[in-house]
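Source file upload20.json; content: JSON, C-alpha atoms and all ligand atoms.
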[["chain", "number", "residue", "atom", "x", "y", "z"],
["A", 19, "MET", "CA", -3.72, 65.81, -2.36],
["A", 20, "LYS", "CA", -1.19, 64.28, -4.75],
["A", 21, "LEU", "CA", -2.55, 61.82, -7.21],
["A", 22, "ILE", "CA", -2.12, 60.12, -10.55],
["A", 23, "VAL", "CA", -5.01, 59.56, -12.96],
["A", 24, "LEU", "CA", -4.41, 56.43, -14.98],
["A", 25, "GLY", "CA", -6.41, 55.03, -17.89],
["A", 26, "PRO", "CA", -6.67, 54.47, -21.64],
["A", 27, "PRO", "CA", -6.76, 57.29, -24.22],
["A", 28, "GLY", "CA", -10.14, 58.99, -24.22],
["A", 29, "THR", "CA", -11.24, 57.61, -20.86],
["A", 30, "GLY", "CA", -11.53, 61.15, -19.48],
["A", 31, "LYS", "CA", -8.20, 61.63, -17.68],
["A", 32, "GLY", "CA", -7.91, 65.25, -18.81],
["A", 33, "THR", "CA", -11.59, 66.05, -18.16],
["A", 34, "ILE", "CA", -11.48, 64.52, -14.67],
["A", 35, "SER", "CA", -8.13, 66.13, -13.82],
["A", 36, "ARG", "CA", -9.45, 69.57, -14.76],
["A", 37, "PHE", "CA", -12.48, 68.95, -12.52],
["A", 38, "ILE", "CA", -10.17, 68.00, -9.63],
["A", 39, "GLU", "CA", -8.05, 71.09, -10.23],
["A", 40, "ALA", "CA", -11.07, 73.41, -10.24],
["A", 41, "LYS", "CA", -12.74, 71.77, -7.24],
["A", 42, "PHE", "CA", -9.80, 70.90, -4.99],
["A", 43, "GLY", "CA", -6.97, 73.16, -6.19],
["A", 44, "CYS", "CA", -4.53, 70.39, -7.14],
["A", 45, "GLU", "CA", -2.49, 71.57, -10.13],
["A", 46, "HIS", "CA", -3.26, 69.61, -13.28],
["A", 47, "ILE", "CA", -0.11, 68.33, -14.97],
["A", 48, "SER", "CA", -0.69, 66.63, -18.32],
["A", 49, "THR", "CA", 2.50, 65.33, -19.91],
["A", 50, "GLY", "CA", 0.56, 65.14, -23.19],
["A", 51, "ASP", "CA", -0.26, 68.89, -23.01],
["A", 52, "LEU", "CA", 3.34, 69.70, -22.00],
["A", 53, "LEU", "CA", 4.73, 67.69, -24.93],
["A", 54, "ARG", "CA", 2.21, 69.14, -27.42],
["A", 55, "ASN", "CA", 3.27, 72.59, -26.20],
["A", 56, "GLU", "CA", 6.91, 71.77, -27.02],
["A", 57, "VAL", "CA", 5.73, 70.89, -30.54],
["A", 58, "ALA", "CA", 3.57, 74.02, -30.86],
["A", 59, "ILE", "CA", 6.37, 76.40, -29.90],
["A", 60, "LYS", "CA", 8.88, 74.41, -31.96],
["A", 61, "THR", "CA", 11.53, 73.78, -29.30],
["A", 62, "SER", "CA", 14.34, 71.34, -30.06],
["A", 63, "ILE", "CA", 12.44, 68.67, -28.09],
["A", 64, "GLY", "CA", 9.27, 69.60, -29.97],
["A", 65, "LYS", "CA", 10.90, 69.12, -33.36],
["A", 66, "LYS", "CA", 12.23, 65.73, -32.28],
["A", 67, "ILE", "CA", 8.90, 64.39, -30.96],
["A", 68, "ARG", "CA", 6.30, 65.81, -33.38],
["A", 69, "TYR", "CA", 6.22, 62.74, -35.57],
["A", 70, "ILE", "CA", 6.12, 60.36, -32.56],
["A", 71, "LEU", "CA", 3.13, 62.16, -31.02],
["A", 72, "ASN", "CA", 1.21, 62.30, -34.29],
["A", 73, "LYS", "CA", 1.65, 58.55, -34.80],
["A", 74, "GLY", "CA", 0.39, 57.81, -31.28],
["A", 75, "LYS", "CA", 3.66, 56.34, -30.01],
["A", 76, "LEU", "CA", 5.34, 57.13, -26.68],
["A", 77, "VAL", "CA", 8.23, 59.58, -26.49],
["A", 78, "SER", "CA", 11.39, 58.36, -24.74],
["A", 79, "ASN", "CA", 11.38, 58.03, -20.95],
["A", 80, "GLU", "CA", 14.19, 60.57, -20.86],
["A", 81, "ILE", "CA", 12.09, 63.26, -22.58],
["A", 82, "ALA", "CA", 8.97, 62.44, -20.55],
["A", 83, "MET", "CA", 10.99, 62.74, -17.30],
["A", 84, "GLN", "CA", 12.56, 65.98, -18.49],
["A", 85, "VAL", "CA", 9.24, 67.78, -19.07],
["A", 86, "LEU", "CA", 7.72, 66.37, -15.89],
["A", 87, "SER", "CA", 10.62, 67.06, -13.49],
["A", 88, "LYS", "CA", 10.59, 70.78, -14.31],
["A", 89, "LYS", "CA", 6.93, 70.93, -13.22],
["A", 90, "ILE", "CA", 6.97, 68.69, -10.15],
["A", 91, "CYS", "CA", 10.00, 70.41, -8.62],
["A", 92, "SER", "CA", 8.21, 73.75, -8.63],
["A", 93, "LEU", "CA", 5.07, 72.43, -6.91],
["A", 94, "LYS", "CA", 4.52, 72.92, -3.20],
["A", 95, "ASP", "CA", 0.89, 71.93, -2.92],
["A", 96, "GLY", "CA", -1.14, 69.15, -4.47],
["A", 97, "PHE", "CA", -1.05, 67.91, -8.03],
["A", 98, "VAL", "CA", -3.01, 65.66, -10.31],
["A", 99, "LEU", "CA", -0.80, 63.90, -12.79],
["A", 100, "ASP", "CA", -2.44, 62.95, -16.09],
["A", 101, "GLY", "CA", -0.60, 60.75, -18.60],
["A", 102, "PHE", "CA", 2.40, 59.98, -16.45],
["A", 103, "PRO", "CA", 3.81, 57.44, -15.72],
["A", 104, "ARG", "CA", 3.20, 55.44, -18.89],
["A", 105, "ASN", "CA", 5.32, 52.35, -18.19],
["A", 106, "ILE", "CA", 7.04, 50.57, -15.31],
["A", 107, "GLU", "CA", 10.38, 52.25, -15.95],
["A", 108, "GLN", "CA", 8.77, 55.72, -15.71],
["A", 109, "ALA", "CA", 7.00, 54.67, -12.50],
["A", 110, "ARG", "CA", 10.36, 53.62, -10.97],
["A", 111, "LEU", "CA", 12.05, 56.85, -12.04],
["A", 112, "PHE", "CA", 9.09, 58.76, -10.62],
["A", 113, "ASP", "CA", 9.41, 56.95, -7.28],
["A", 114, "GLU", "CA", 13.04, 58.10, -7.12],
["A", 115, "LEU", "CA", 12.04, 61.68, -7.92],
["A", 116, "LEU", "CA", 9.36, 61.64, -5.20],
["A", 117, "ILE", "CA", 11.85, 60.37, -2.61],
["A", 118, "LYS", "CA", 14.33, 63.08, -3.61],
["A", 119, "GLN", "CA", 11.64, 65.79, -3.35],
["A", 120, "LYS", "CA", 10.25, 64.30, -0.08],
["A", 121, "ILE", "CA", 6.82, 63.97, -1.68],
["A", 122, "SER", "CA", 4.42, 61.08, -1.04],
["A", 123, "LEU", "CA", 1.60, 60.04, -3.34],
["A", 124, "ASP", "CA", -1.91, 59.81, -1.85],
["A", 125, "LEU", "CA", -3.77, 58.01, -4.59],
["A", 126, "VAL", "CA", -3.69, 56.47, -8.07],
["A", 127, "LEU", "CA", -7.11, 56.71, -9.67],
["A", 128, "GLU", "CA", -7.65, 54.19, -12.45],
["A", 129, "VAL", "CA", -10.41, 55.35, -14.81],
["A", 130, "ASP", "CA", -11.24, 52.35, -16.93],
["A", 131, "SER", "CA", -13.36, 52.47, -20.09],
["A", 132, "ASP", "CA", -14.06, 50.04, -22.92],
["A", 133, "ASP", "CA", -12.17, 50.52, -26.20],
["A", 134, "LYS", "CA", -15.46, 50.99, -28.09],
["A", 135, "VAL", "CA", -16.48, 53.86, -25.79],
["A", 136, "VAL", "CA", -13.16, 55.71, -26.03],
["A", 137, "ILE", "CA", -12.94, 55.39, -29.82],
["A", 138, "GLU", "CA", -16.37, 57.03, -30.11],
["A", 139, "ARG", "CA", -15.39, 59.82, -27.69],
["A", 140, "LEU", "CA", -12.07, 60.61, -29.36],
["A", 141, "SER", "CA", -13.68, 60.94, -32.76],
["A", 142, "SER", "CA", -15.52, 64.07, -31.56],
["A", 143, "ARG", "CA", -12.97, 65.64, -29.21],
["A", 144, "ARG", "CA", -11.74, 69.21, -29.62],
["A", 145, "GLN", "CA", -9.32, 71.07, -27.35],
["A", 146, "CYS", "CA", -8.65, 74.77, -26.80],
["A", 147, "VAL", "CA", -5.23, 75.77, -28.14],
["A", 148, "ASN", "CA", -4.82, 78.30, -25.33],
["A", 149, "CYS", "CA", -6.35, 77.15, -22.01],
["A", 150, "LYS", "CA", -6.49, 73.44, -23.03],
["A", 151, "ARG", "CA", -10.15, 73.01, -22.08],
["A", 152, "ILE", "CA", -11.54, 69.79, -23.52],
["A", 153, "TYR", "CA", -14.78, 69.51, -25.51],
["A", 154, "GLY", "CA", -16.60, 66.60, -27.09],
["A", 155, "HIS", "CA", -19.92, 65.25, -28.23],
["A", 156, "HIS", "CA", -21.25, 65.17, -24.65],
["A", 157, "VAL", "CA", -19.44, 68.35, -23.57],
["A", 158, "PRO", "CA", -19.84, 70.73, -26.56],
["A", 159, "SER", "CA", -18.69, 74.35, -26.68],
["A", 160, "LYS", "CA", -21.47, 76.90, -27.25],
["A", 161, "LYS", "CA", -19.98, 77.82, -30.63],
["A", 162, "VAL", "CA", -18.25, 75.09, -32.63],
["A", 163, "GLY", "CA", -14.50, 75.69, -32.81],
["A", 164, "VAL", "CA", -14.44, 78.44, -30.13],
["A", 165, "CYS", "CA", -13.56, 77.98, -26.45],
["A", 166, "ASP", "CA", -16.31, 79.08, -24.02],
["A", 167, "ASP", "CA", -13.74, 80.14, -21.42],
["A", 168, "CYS", "CA", -11.15, 82.15, -23.31],
["A", 169, "GLY", "CA", -12.53, 82.60, -26.84],
["A", 170, "SER", "CA", -9.50, 80.96, -28.50],
["A", 171, "LYS", "CA", -9.97, 78.38, -31.23],
["A", 172, "THR", "CA", -10.48, 74.69, -30.45],
["A", 173, "ILE", "CA", -8.78, 72.08, -32.60],
["A", 174, "ILE", "CA", -8.82, 68.37, -33.34],
["A", 175, "ARG", "CA", -5.65, 66.66, -32.11],
["A", 176, "GLU", "CA", -3.37, 65.13, -34.77],
["A", 177, "ASP", "CA", -3.34, 61.83, -32.86],
["A", 178, "ASP", "CA", -7.15, 61.57, -32.85],
["A", 179, "LYS", "CA", -7.11, 60.00, -36.32],
["A", 180, "PRO", "CA", -8.28, 56.34, -36.37],
["A", 181, "LYS", "CA", -4.82, 54.85, -37.06],
["A", 182, "ALA", "CA", -3.17, 56.78, -34.21],
["A", 183, "ILE", "CA", -6.03, 55.98, -31.80],
["A", 184, "LYS", "CA", -5.55, 52.26, -32.55],
["A", 185, "GLN", "CA", -1.82, 52.60, -31.87],
["A", 186, "ARG", "CA", -2.40, 54.48, -28.59],
["A", 187, "LEU", "CA", -4.85, 51.84, -27.37],
["A", 188, "LYS", "CA", -2.40, 49.03, -28.22],
["A", 189, "ILE", "CA", 0.39, 50.77, -26.29],
["A", 190, "TYR", "CA", -1.96, 51.37, -23.36],
["A", 191, "HIS", "CA", -2.91, 47.71, -23.04],
["A", 192, "GLU", "CA", 0.65, 46.41, -23.52],
["A", 193, "THR", "CA", 2.76, 49.01, -21.70],
["A", 194, "THR", "CA", 0.70, 51.19, -19.38],
["A", 195, "LYS", "CA", -1.90, 48.78, -18.01],
["A", 196, "PRO", "CA", 0.76, 46.86, -15.96],
["A", 197, "LEU", "CA", 0.93, 49.98, -13.77],
["A", 198, "VAL", "CA", -2.41, 48.93, -12.31],
["A", 199, "ASP", "CA", -0.67, 46.01, -10.53],
["A", 200, "PHE", "CA", 2.36, 48.17, -9.73],
["A", 201, "TYR", "CA", 0.25, 50.70, -7.77],
["A", 202, "SER", "CA", -2.17, 48.11, -6.47],
["A", 203, "ASN", "CA", 0.79, 46.40, -4.76],
["A", 204, "LYS", "CA", 1.62, 49.73, -3.14],
["A", 205, "LYS", "CA", -2.01, 49.94, -1.88],
["A", 206, "LEU", "CA", -2.53, 53.23, -3.72],
["A", 207, "LEU", "CA", -4.93, 52.14, -6.45],
["A", 208, "LEU", "CA", -8.62, 52.93, -6.66],
["A", 209, "LYS", "CA", -10.59, 51.99, -9.77],
["A", 210, "ILE", "CA", -13.64, 53.78, -11.15],
["A", 211, "ASN", "CA", -15.81, 53.02, -14.16],
["A", 212, "GLY", "CA", -15.13, 55.60, -16.88],
["A", 213, "ASN", "CA", -17.85, 54.33, -19.22],
["A", 214, "ARG", "CA", -20.47, 56.33, -17.33],
["A", 215, "THR", "CA", -21.61, 59.92, -17.74],
["A", 216, "LEU", "CA", -19.68, 62.75, -16.09],
["A", 217, "GLU", "CA", -22.80, 63.44, -13.99],
["A", 218, "LYS", "CA", -22.14, 60.05, -12.34],
["A", 219, "ILE", "CA", -18.34, 60.26, -12.28],
["A", 220, "PHE", "CA", -17.81, 63.72, -10.76],
["A", 221, "PRO", "CA", -19.87, 63.09, -7.55],
["A", 222, "GLN", "CA", -18.02, 59.79, -7.07],
["A", 223, "ILE", "CA", -14.71, 61.65, -7.25],
["A", 224, "GLU", "CA", -15.90, 64.20, -4.70],
["A", 225, "LYS", "CA", -16.79, 61.35, -2.34],
["A", 226, "ILE", "CA", -13.38, 59.74, -2.84],
["A", 227, "PHE", "CA", -11.65, 63.02, -2.04],
["A", 228, "LYS", "CA", -13.66, 63.49, 1.14],
["A", 229, "LYS", "CA", -12.58, 60.00, 2.28],
["A", 230, "VAL", "CA", -8.91, 60.21, 1.36],
["A", 231, "VAL", "CA", -8.13, 63.82, 2.47],
["A", 301, "LIG", "P1", -2.06, 62.24, -23.69],
["A", 301, "LIG", "O1", -2.33, 63.65, -24.03],
["A", 301, "LIG", "O2", -1.87, 61.86, -22.29],
["A", 301, "LIG", "O3", -3.18, 61.35, -24.41],
["A", 301, "LIG", "P2", -3.92, 59.97, -24.03],
["A", 301, "LIG", "O4", -3.38, 59.23, -22.88],
["A", 301, "LIG", "O5", -4.01, 59.26, -25.31],
["A", 301, "LIG", "O6", -5.29, 60.44, -23.48],
["A", 301, "LIG", "P3", -6.23, 61.51, -24.11],
["A", 301, "LIG", "O7", -5.73, 62.88, -23.76],
["A", 301, "LIG", "O8", -6.48, 61.21, -25.55],
["A", 301, "LIG", "O9", -7.59, 61.18, -23.37],
["A", 301, "LIG", "P4", -8.08, 61.55, -21.90],
["A", 301, "LIG", "O10", -8.13, 60.31, -21.09],
["A", 301, "LIG", "O11", -7.33, 62.71, -21.35],
["A", 301, "LIG", "O12", -9.57, 61.96, -22.23],
["A", 301, "LIG", "P5", -10.27, 63.40, -22.32],
["A", 301, "LIG", "O13", -10.55, 63.93, -20.96],
["A", 301, "LIG", "O14", -9.57, 64.27, -23.29],
["A", 301, "LIG", "O15", -0.75, 61.76, -24.49],
["A", 301, "LIG", "C1", -0.63, 62.05, -25.85],
["A", 301, "LIG", "C2", 0.70, 61.56, -26.36],
["A", 301, "LIG", "O16", 1.76, 62.25, -25.68],
["A", 301, "LIG", "C3", 1.02, 60.08, -26.18],
["A", 301, "LIG", "O17", 0.48, 59.28, -27.19],
["A", 301, "LIG", "C4", 2.54, 60.10, -26.22],
["A", 301, "LIG", "O18", 3.01, 60.26, -27.54],
["A", 301, "LIG", "C5", 2.87, 61.39, -25.47],
["A", 301, "LIG", "N1", 3.04, 61.18, -24.02],
["A", 301, "LIG", "C6", 2.28, 61.74, -23.03],
["A", 301, "LIG", "N2", 2.74, 61.37, -21.83],
["A", 301, "LIG", "C7", 3.80, 60.56, -22.06],
["A", 301, "LIG", "C8", 4.67, 59.85, -21.20],
["A", 301, "LIG", "N3", 4.55, 59.88, -19.88],
["A", 301, "LIG", "N4", 5.65, 59.08, -21.79],
["A", 301, "LIG", "C9", 5.79, 59.01, -23.12],
["A", 301, "LIG", "N5", 4.98, 59.66, -23.99],
["A", 301, "LIG", "C10", 3.99, 60.44, -23.45],
["A", 301, "LIG", "O19", -11.68, 62.96, -22.94],
["A", 301, "LIG", "C11", -11.76, 62.45, -24.25],
["A", 301, "LIG", "C12", -13.08, 62.90, -24.90],
["A", 301, "LIG", "O20", -14.16, 62.27, -24.21],
["A", 301, "LIG", "C13", -13.37, 64.41, -24.81],
["A", 301, "LIG", "O21", -14.05, 64.80, -25.96],
["A", 301, "LIG", "C14", -14.27, 64.55, -23.57],
["A", 301, "LIG", "O22", -15.14, 65.66, -23.66],
["A", 301, "LIG", "C15", -15.04, 63.23, -23.61],
["A", 301, "LIG", "N6", -15.37, 62.66, -22.32],
["A", 301, "LIG", "C16", -14.56, 62.48, -21.25],
["A", 301, "LIG", "N7", -15.18, 61.83, -20.27],
["A", 301, "LIG", "C17", -16.43, 61.58, -20.74],
["A", 301, "LIG", "C18", -17.57, 60.91, -20.17],
["A", 301, "LIG", "N8", -17.54, 60.36, -18.95],
["A", 301, "LIG", "N9", -18.68, 60.81, -20.92],
["A", 301, "LIG", "C19", -18.74, 61.35, -22.18],
["A", 301, "LIG", "N10", -17.70, 62.00, -22.77],
["A", 301, "LIG", "C20", -16.56, 62.10, -22.03],
["A", 302, "MG", "MG", -5.75, 63.91, -22.04]]

Translate this file's structure into structure tokens.
Ligand code: AP5
Ligand code: MG
Amino acid sequence: MKLIVLGPPGTGKGTISRFIEAKFGCEHISTGDLLRNEVAIKTSIGKKIRYILNKGKLVSNEIAMQVLSKKICSLKDGFVLDGFPRNIEQARLFDELLIKQKISLDLVLEVDSDDKVVIERLSSRRQCVNCKRIYGHHVPSKKVGVCDDCGSKTIIREDDKPKAIKQRLKIYHETTKPLVDFYSNKKLLLKINGNRTLEKIFPQIEKIFKKVV
């Protein structure tokens, strides 16, 4: 299964993608995690984009395509793409890449949540620096600041400060949301309500997978 998970910051794209990876074996590709890794290991790209990420703005399409292409080209089986594409131009470039690689998308899952809900969630999020597992108020680690899975430390993301969250939401509504129509026109879009608990969302995703596969 090859799918995109689309939705505002904090709607649960990463959490849902990790569930899909664990349950159905599709590799989780988060362009946000890939870009944050470039920053963490201080590559030339990382040095260029650090400030952009921290402010909650989008990196250039060229850089986003660069980190993504490396990953997609090495994938034979399914993938779940989280945080890409982010605008119409990226979606067009991605279409070209898929044609070149002879890959066809099965589904674009839109996970929609209200701004109020995501702001509350992001204010309590922590992420493991090593395995990237995501924690939050409703999904806490057993020991605060320590990952249950690998024992590494969990941190608060730089862009989870109120000003950057506001900026990310603005960009989502203005730039990314038009992708809903883009993929709806291609008959690939399926929308789910991200405001609900994960206990409600995960079984719905399992049902969707059973239907689409
Ligand atoms: P990215 O890392 O993709 O961030 P984002 O889109 O802002 O989304 P988040 O990761 O904040 O939220 P999420 O939807 O994954 O939610 P999560 O599962 O963590 O991008 C970061 C930055 O990288 C961008 O701003 C940009 O600078 C750059 N970038 C990335 N891709 C790019 C691209 N293609 N082009 C250009 N720039 C790009 O959940 C959030 C919290 O809620 C957690 O605490 C979780 O435990 C909790 N939670 C999740 N679901 C639920 C639920 N149902 N109920 C209760 N709590 C829940
Ligand atoms: Mg995420």

Please identify all polymer residues lying at most 12 Å from the point (-9.3, 70.2, -13.3) (file coordinates), using all atoms listed in the file, and present the result as a PyMOL selection string.
chain A and resi 23+30-48+97-100+149-152+220+223

Could you check which of A:Asp124, A:Leu216, A:Ile81, A:Val157 is closest to Phe102 in chain A, using all atoms listed in the file?
A:Ile81

Report as a PyMOL selection string which protein, DNA and RNA residues come within 6 Å of ligand LIG 301 (chain A), using only C-alpha atoms and all ligand atoms.
chain A and resi 26-33+49-51+70-71+74-79+82+101-104+139-140+142-143+152-154+156-157+186+212+214-216

Between A:Ile63, A:Ile22, A:Ile219, A:Leu187, which is the closest to Leu206 in chain A once you count all atoms listed in the file?
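Comparing A:Ile63, A:Ile22, A:Ile219, A:Leu187 against Leu206 in chain A, the winner is A:Ile22.
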
CA of Thr172 in chain A and CA of Val147 in chain A, how far apart in Å?
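Answer for the CA of Val147 in chain A to CA of Thr172 in chain A separation: 5.8 Å.
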
Which value, in Å to one decimal, gives the distance between CA of Leu115 in chain A and CA of Lys204 in chain A?
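CA of Leu115 in chain A sits 16.6 Å away from CA of Lys204 in chain A.
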
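Atom to atom, CA of Leu127 in chain A and CA of Asn55 in chain A stand 25.2 Å apart.
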
Taking only C-alpha atoms and all ligand atoms into account, which of A:Glu138, A:Glu224, A:Asp178, A:Glu217 comes nearest ligand MG 302 (chain A)?
A:Asp178

List as a compact mmCIF listing (two decimals) with C-alpha atoms, in the frame of the given file: which residues have an atom within 12 Å of (-17.3, 77.4, -33.6), counting all atoms listed in the file?
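Written output follows (point-v7.txt):
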# COMPACT_ATOMS: atom_id res chain seq x y z
CA ARG A 144 -11.74 69.21 -29.62
CA GLN A 145 -9.32 71.07 -27.35
CA CYS A 146 -8.65 74.77 -26.80
CA TYR A 153 -14.78 69.51 -25.51
CA PRO A 158 -19.84 70.73 -26.56
CA SER A 159 -18.69 74.35 -26.68
CA LYS A 160 -21.47 76.90 -27.25
CA LYS A 161 -19.98 77.82 -30.63
CA VAL A 162 -18.25 75.09 -32.63
CA GLY A 163 -14.50 75.69 -32.81
CA VAL A 164 -14.44 78.44 -30.13
CA CYS A 165 -13.56 77.98 -26.45
CA ASP A 166 -16.31 79.08 -24.02
CA GLY A 169 -12.53 82.60 -26.84
CA SER A 170 -9.50 80.96 -28.50
CA LYS A 171 -9.97 78.38 -31.23
CA THR A 172 -10.48 74.69 -30.45
CA ILE A 173 -8.78 72.08 -32.60

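Distance check against ligand MG 302 (chain A) using only C-alpha atoms and all ligand atoms: of A:Val230, A:Leu86, A:Ile121, A:Leu24, the minimum falls on A:Leu24.
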
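Minimum distance to ligand MG 302 (chain A) across A:Ile90, A:Ile226, A:Lys60, A:Leu53 (counting all atoms listed in the file) occurs at A:Leu53.
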
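Residue nearest ligand MG 302 (chain A) within the list A:Gly25, A:Pro221, A:Gly96, A:Gly64: A:Gly25 [criterion: smallest interatomic distance, all atoms listed in the file].
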
For range 105-110 of chain A, list every protein, DNA or RNA residue within 8 Å, evaluated using all atoms listed in the file, and leave out those in the same chain fewer than 2 positions away; present the list as number ranges by chain.
A: 79, 83, 102-103, 112-114, 193-194, 196-197, 200

Enclose range 66-76 of chain A, meaning all of its atoms listed in the file, in a box aligned along x, y and z, pad it by 5 Å on each side, and list the centre and edge lengths in Å to one decimal, as lines of an AutoDock Vina configuration file.
center_x = 6.3
center_y = 61.1
center_z = -31.1
size_x = 21.8
size_y = 19.5
size_z = 18.9

Output: range 181-199 of chain A of the preceding structure, restricted to C-alpha atoms, written as a PDB file, in the first residue's frame.
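Just written: result28.pdb:
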ATOM      1  CA  LYS A 181       4.320  31.601  17.549  1.00  0.00           C
ATOM      2  CA  ALA A 182       5.642  28.813  15.300  1.00  0.00           C
ATOM      3  CA  ILE A 183       2.458  26.744  15.728  1.00  0.00           C
ATOM      4  CA  LYS A 184       0.411  29.760  14.570  1.00  0.00           C
ATOM      5  CA  GLN A 185       2.675  30.145  11.537  1.00  0.00           C
ATOM      6  CA  ARG A 186       2.437  26.430  10.663  1.00  0.00           C
ATOM      7  CA  LEU A 187      -1.356  26.494  10.864  1.00  0.00           C
ATOM      8  CA  LYS A 188      -1.524  29.586   8.630  1.00  0.00           C
ATOM      9  CA  ILE A 189       0.695  27.911   6.017  1.00  0.00           C
ATOM     10  CA  TYR A 190      -1.386  24.736   6.221  1.00  0.00           C
ATOM     11  CA  HIS A 191      -4.655  26.527   5.512  1.00  0.00           C
ATOM     12  CA  GLU A 192      -3.223  28.727   2.737  1.00  0.00           C
ATOM     13  CA  THR A 193      -0.779  26.397   0.985  1.00  0.00           C
ATOM     14  CA  THR A 194      -1.344  22.750   1.862  1.00  0.00           C
ATOM     15  CA  LYS A 195      -5.123  22.522   2.170  1.00  0.00           C
ATOM     16  CA  PRO A 196      -5.607  23.028  -1.631  1.00  0.00           C
ATOM     17  CA  LEU A 197      -4.109  19.530  -2.006  1.00  0.00           C
ATOM     18  CA  VAL A 198      -7.426  18.167  -0.755  1.00  0.00           C
ATOM     19  CA  ASP A 199      -9.058  19.228  -4.054  1.00  0.00           C
TER      20      ASP A 199
END
